[in-house]
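Chemist: I'd like to ask some things about the structure below.
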Amino acid sequence: MDKERLKHFESKLRERRSALTGVVERTENYGREADTELTQDPADKASNAYTKELLFSQSTNDRFILKLIEEALVRLEDGEYGACVNCSKEIQPKRLEAVPWARHCITCQDLQERGLLDDDDES
Ligand SMILES: [Zn+2]
């Protein structure tokens, strides 16, 4: 992959990373604030608990993507970016454009989704 394209993906990854970092931090702050509000009626509490649960599952997903982004940035630095971590073939450019933190080519991703890939990752 040429330097221009690497730069392009690097900035995409960094942009997404800072957006996600903001979301994760806001979610954590919201959780703390909701916990310290002691003077609320039970209905408020229930709806807070529900919102927190929703935010939590969202932030778990965000955290997972953040981890994949970090890994992609490491591969970028190591000059391994854009190659499938399983078969080392080049990941399709369209796929990288849509999912810049993709670790697998379409073929391996498909195998993984069907549980046929010997890999402990869940992406
Ligand atoms: Zn592959």
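Residue numbers start at 1 in each chain; chains themselves are named A, B, ... in the order of the structure tokens; ligands are numbered from 1 in the order shown.
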Extract, using only C-alpha atoms, all DNA, RNA and protein residues at most 10 Å from segment 62-70 of chain A, discarding same-chain residues fewer than 2 positions from it, and format them as a ChimeraX atom specification.
Modeler: /A:10,12-14,16-21,23-24,56-60,72-76,99-103,122-123
Chemist: Any chance you can output those residues with C-alpha atoms as a compact mmCIF listing (two decimals), in the first residue's frame?
Modeler:
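Saved result, out-v1.txt, follows:
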```
# COMPACT_ATOMS: atom_id res chain seq x y z
CA GLU A 10 -4.43 6.51 9.50
CA LYS A 12 -9.69 7.83 9.35
CA LEU A 13 -8.66 5.58 12.22
CA ARG A 14 -7.53 8.48 14.40
CA ARG A 16 -12.88 7.48 14.62
CA ARG A 17 -10.78 6.80 17.68
CA SER A 18 -11.19 10.30 19.08
CA ALA A 19 -14.94 10.25 18.37
CA LEU A 20 -15.30 6.93 20.18
CA THR A 21 -13.08 7.99 23.06
CA VAL A 23 -18.47 8.68 23.64
CA VAL A 24 -16.94 6.22 26.08
CA PHE A 56 -23.47 0.20 28.81
CA SER A 57 -24.11 -2.24 25.97
CA GLN A 58 -23.38 0.56 23.52
CA SER A 59 -20.13 1.41 25.24
CA THR A 60 -19.05 -2.24 25.34
CA ALA A 72 -4.96 -1.31 13.36
CA LEU A 73 -2.81 1.72 14.25
CA VAL A 74 -0.10 -0.62 15.56
CA ARG A 75 -0.20 -2.63 12.32
CA LEU A 76 0.01 0.64 10.42
CA VAL A 99 -14.15 -0.75 8.01
CA PRO A 100 -10.63 0.72 8.34
CA TRP A 101 -9.92 -1.43 11.40
CA ALA A 102 -10.75 -4.70 9.62
CA ARG A 103 -8.31 -7.48 10.50
CA GLU A 122 -14.53 -11.86 17.80
CA SER A 123 -14.43 -9.07 15.26
```
Chemist: Would you write out, as JSON lines, a table of all residues in chain A that have an atom no more than 12 Å from an atom of ligand 1, listing for each the closest atom pair and the distance in Å to one decimal, considering only C-alpha atoms and all ligand atoms and ordering rows by chain and rising residue number?
Modeler:
```
{"residue": "A:Gly82", "atom": "CA", "partner": "ligand 1", "partner_atom_place_in_ligand_line": "1 (Zn)", "distance": 10.6}
{"residue": "A:Ala83", "atom": "CA", "partner": "ligand 1", "partner_atom_place_in_ligand_line": "1 (Zn)", "distance": 7.8}
{"residue": "A:Cys84", "atom": "CA", "partner": "ligand 1", "partner_atom_place_in_ligand_line": "1 (Zn)", "distance": 4.6}
{"residue": "A:Val85", "atom": "CA", "partner": "ligand 1", "partner_atom_place_in_ligand_line": "1 (Zn)", "distance": 6.7}
{"residue": "A:Asn86", "atom": "CA", "partner": "ligand 1", "partner_atom_place_in_ligand_line": "1 (Zn)", "distance": 5.0}
{"residue": "A:Cys87", "atom": "CA", "partner": "ligand 1", "partner_atom_place_in_ligand_line": "1 (Zn)", "distance": 4.2}
{"residue": "A:Ser88", "atom": "CA", "partner": "ligand 1", "partner_atom_place_in_ligand_line": "1 (Zn)", "distance": 6.1}
{"residue": "A:Lys89", "atom": "CA", "partner": "ligand 1", "partner_atom_place_in_ligand_line": "1 (Zn)", "distance": 5.6}
{"residue": "A:Glu90", "atom": "CA", "partner": "ligand 1", "partner_atom_place_in_ligand_line": "1 (Zn)", "distance": 7.7}
{"residue": "A:Ile91", "atom": "CA", "partner": "ligand 1", "partner_atom_place_in_ligand_line": "1 (Zn)", "distance": 7.3}
{"residue": "A:Gln92", "atom": "CA", "partner": "ligand 1", "partner_atom_place_in_ligand_line": "1 (Zn)", "distance": 10.0}
{"residue": "A:Ala102", "atom": "CA", "partner": "ligand 1", "partner_atom_place_in_ligand_line": "1 (Zn)", "distance": 10.7}
{"residue": "A:Arg103", "atom": "CA", "partner": "ligand 1", "partner_atom_place_in_ligand_line": "1 (Zn)", "distance": 8.4}
{"residue": "A:His104", "atom": "CA", "partner": "ligand 1", "partner_atom_place_in_ligand_line": "1 (Zn)", "distance": 5.1}
{"residue": "A:Cys105", "atom": "CA", "partner": "ligand 1", "partner_atom_place_in_ligand_line": "1 (Zn)", "distance": 4.3}
{"residue": "A:Ile106", "atom": "CA", "partner": "ligand 1", "partner_atom_place_in_ligand_line": "1 (Zn)", "distance": 6.8}
{"residue": "A:Thr107", "atom": "CA", "partner": "ligand 1", "partner_atom_place_in_ligand_line": "1 (Zn)", "distance": 5.7}
{"residue": "A:Cys108", "atom": "CA", "partner": "ligand 1", "partner_atom_place_in_ligand_line": "1 (Zn)", "distance": 4.3}
{"residue": "A:Gln109", "atom": "CA", "partner": "ligand 1", "partner_atom_place_in_ligand_line": "1 (Zn)", "distance": 7.2}
{"residue": "A:Asp110", "atom": "CA", "partner": "ligand 1", "partner_atom_place_in_ligand_line": "1 (Zn)", "distance": 9.3}
{"residue": "A:Leu111", "atom": "CA", "partner": "ligand 1", "partner_atom_place_in_ligand_line": "1 (Zn)", "distance": 9.1}
{"residue": "A:Gln112", "atom": "CA", "partner": "ligand 1", "partner_atom_place_in_ligand_line": "1 (Zn)", "distance": 9.8}
{"residue": "A:Leu117", "atom": "CA", "partner": "ligand 1", "partner_atom_place_in_ligand_line": "1 (Zn)", "distance": 9.9}
{"residue": "A:Asp118", "atom": "CA", "partner": "ligand 1", "partner_atom_place_in_ligand_line": "1 (Zn)", "distance": 11.9}
{"residue": "A:Asp119", "atom": "CA", "partner": "ligand 1", "partner_atom_place_in_ligand_line": "1 (Zn)", "distance": 11.6}
```
Chemist: Would you mind exporting C-alpha atoms of the selected residues as an mmCIF file, in the first residue's frame?
Modeler:
```cif
data_model
loop_
_atom_site.group_PDB
_atom_site.id
_atom_site.type_symbol
_atom_site.label_atom_id
_atom_site.label_comp_id
_atom_site.auth_asym_id
_atom_site.auth_seq_id
_atom_site.Cartn_x
_atom_site.Cartn_y
_atom_site.Cartn_z
ATOM 1 C CA GLY A 82 -4.015 -3.781 4.997
ATOM 2 C CA ALA A 83 -2.940 -7.415 5.164
ATOM 3 C CA CYS A 84 -5.256 -10.066 6.555
ATOM 4 C CA VAL A 85 -3.957 -11.199 9.960
ATOM 5 C CA ASN A 86 -4.928 -14.760 9.130
ATOM 6 C CA CYS A 87 -3.799 -15.440 5.566
ATOM 7 C CA SER A 88 -1.671 -12.293 4.962
ATOM 8 C CA LYS A 89 -3.493 -11.561 1.731
ATOM 9 C CA GLU A 90 -4.365 -7.985 0.986
ATOM 10 C CA ILE A 91 -7.690 -6.868 2.461
ATOM 11 C CA GLN A 92 -10.018 -5.562 -0.234
ATOM 12 C CA ALA A 102 -10.753 -4.702 9.617
ATOM 13 C CA ARG A 103 -8.309 -7.478 10.497
ATOM 14 C CA HIS A 104 -9.461 -10.087 8.029
ATOM 15 C CA CYS A 105 -10.045 -10.322 4.315
ATOM 16 C CA ILE A 106 -13.598 -11.197 3.242
ATOM 17 C CA THR A 107 -12.774 -14.897 2.943
ATOM 18 C CA CYS A 108 -11.330 -15.190 6.449
ATOM 19 C CA GLN A 109 -14.020 -12.968 7.929
ATOM 20 C CA ASP A 110 -16.599 -15.317 6.476
ATOM 21 C CA LEU A 111 -14.804 -18.342 7.913
ATOM 22 C CA GLN A 112 -14.562 -16.623 11.255
ATOM 23 C CA LEU A 117 -11.321 -19.873 11.726
ATOM 24 C CA ASP A 118 -8.824 -20.852 14.362
ATOM 25 C CA ASP A 119 -8.706 -17.421 15.949
#
```
Chemist: Go ahead and compute the interatomic distance for atom CA of Lys94 of chain A and atom CA of Asn61 of chain A, in Å to one decimal.
Modeler: 22.8 Å
Chemist: What does the distance from atom CA of Tyr81 of chain A to atom CA of Leu96 of chain A come to in Å, to one decimal?
Modeler: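 Interatomic distance, atom CA of Tyr81 of chain A to atom CA of Leu96 of chain A: 10.0 Å.
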Chemist: Find the spatial neighbours of Arg32 of chain A, counting only C-alpha atoms, within a cut-off of 12 Å - ignore same-chain residues fewer than 6 positions away - and output them as a list in words.
Modeler: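 My reading of the contact set: Glu25, Arg26, Leu38, Asn48, Ala49 and Lys52 of chain A.
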Chemist: How about saving the chosen residues, C-alpha atoms kept, as an mmCIF file, in the first residue's frame?
Modeler:
```
data_model
loop_
_atom_site.group_PDB
_atom_site.id
_atom_site.type_symbol
_atom_site.label_atom_id
_atom_site.label_comp_id
_atom_site.auth_asym_id
_atom_site.auth_seq_id
_atom_site.Cartn_x
_atom_site.Cartn_y
_atom_site.Cartn_z
ATOM 1 C CA GLU A 25 -15.917 9.012 28.449
ATOM 2 C CA ARG A 26 -19.320 10.692 28.299
ATOM 3 C CA LEU A 38 -29.773 10.472 45.585
ATOM 4 C CA ASN A 48 -31.991 5.868 34.765
ATOM 5 C CA ALA A 49 -31.179 2.230 35.255
ATOM 6 C CA LYS A 52 -27.546 3.097 31.871
#
```
Chemist: May I have all residues of chain A that DSSP, computed from the backbone, assigns to helix (DSSP H, G or I), given as a ChimeraX atom specification?
Modeler: /A:3-36,42-77,93-98,106-113
Chemist: In Å, how far is it from atom CA of Arg114 of chain A to atom CA of Ala98 of chain A?
Modeler: 21.2 Å
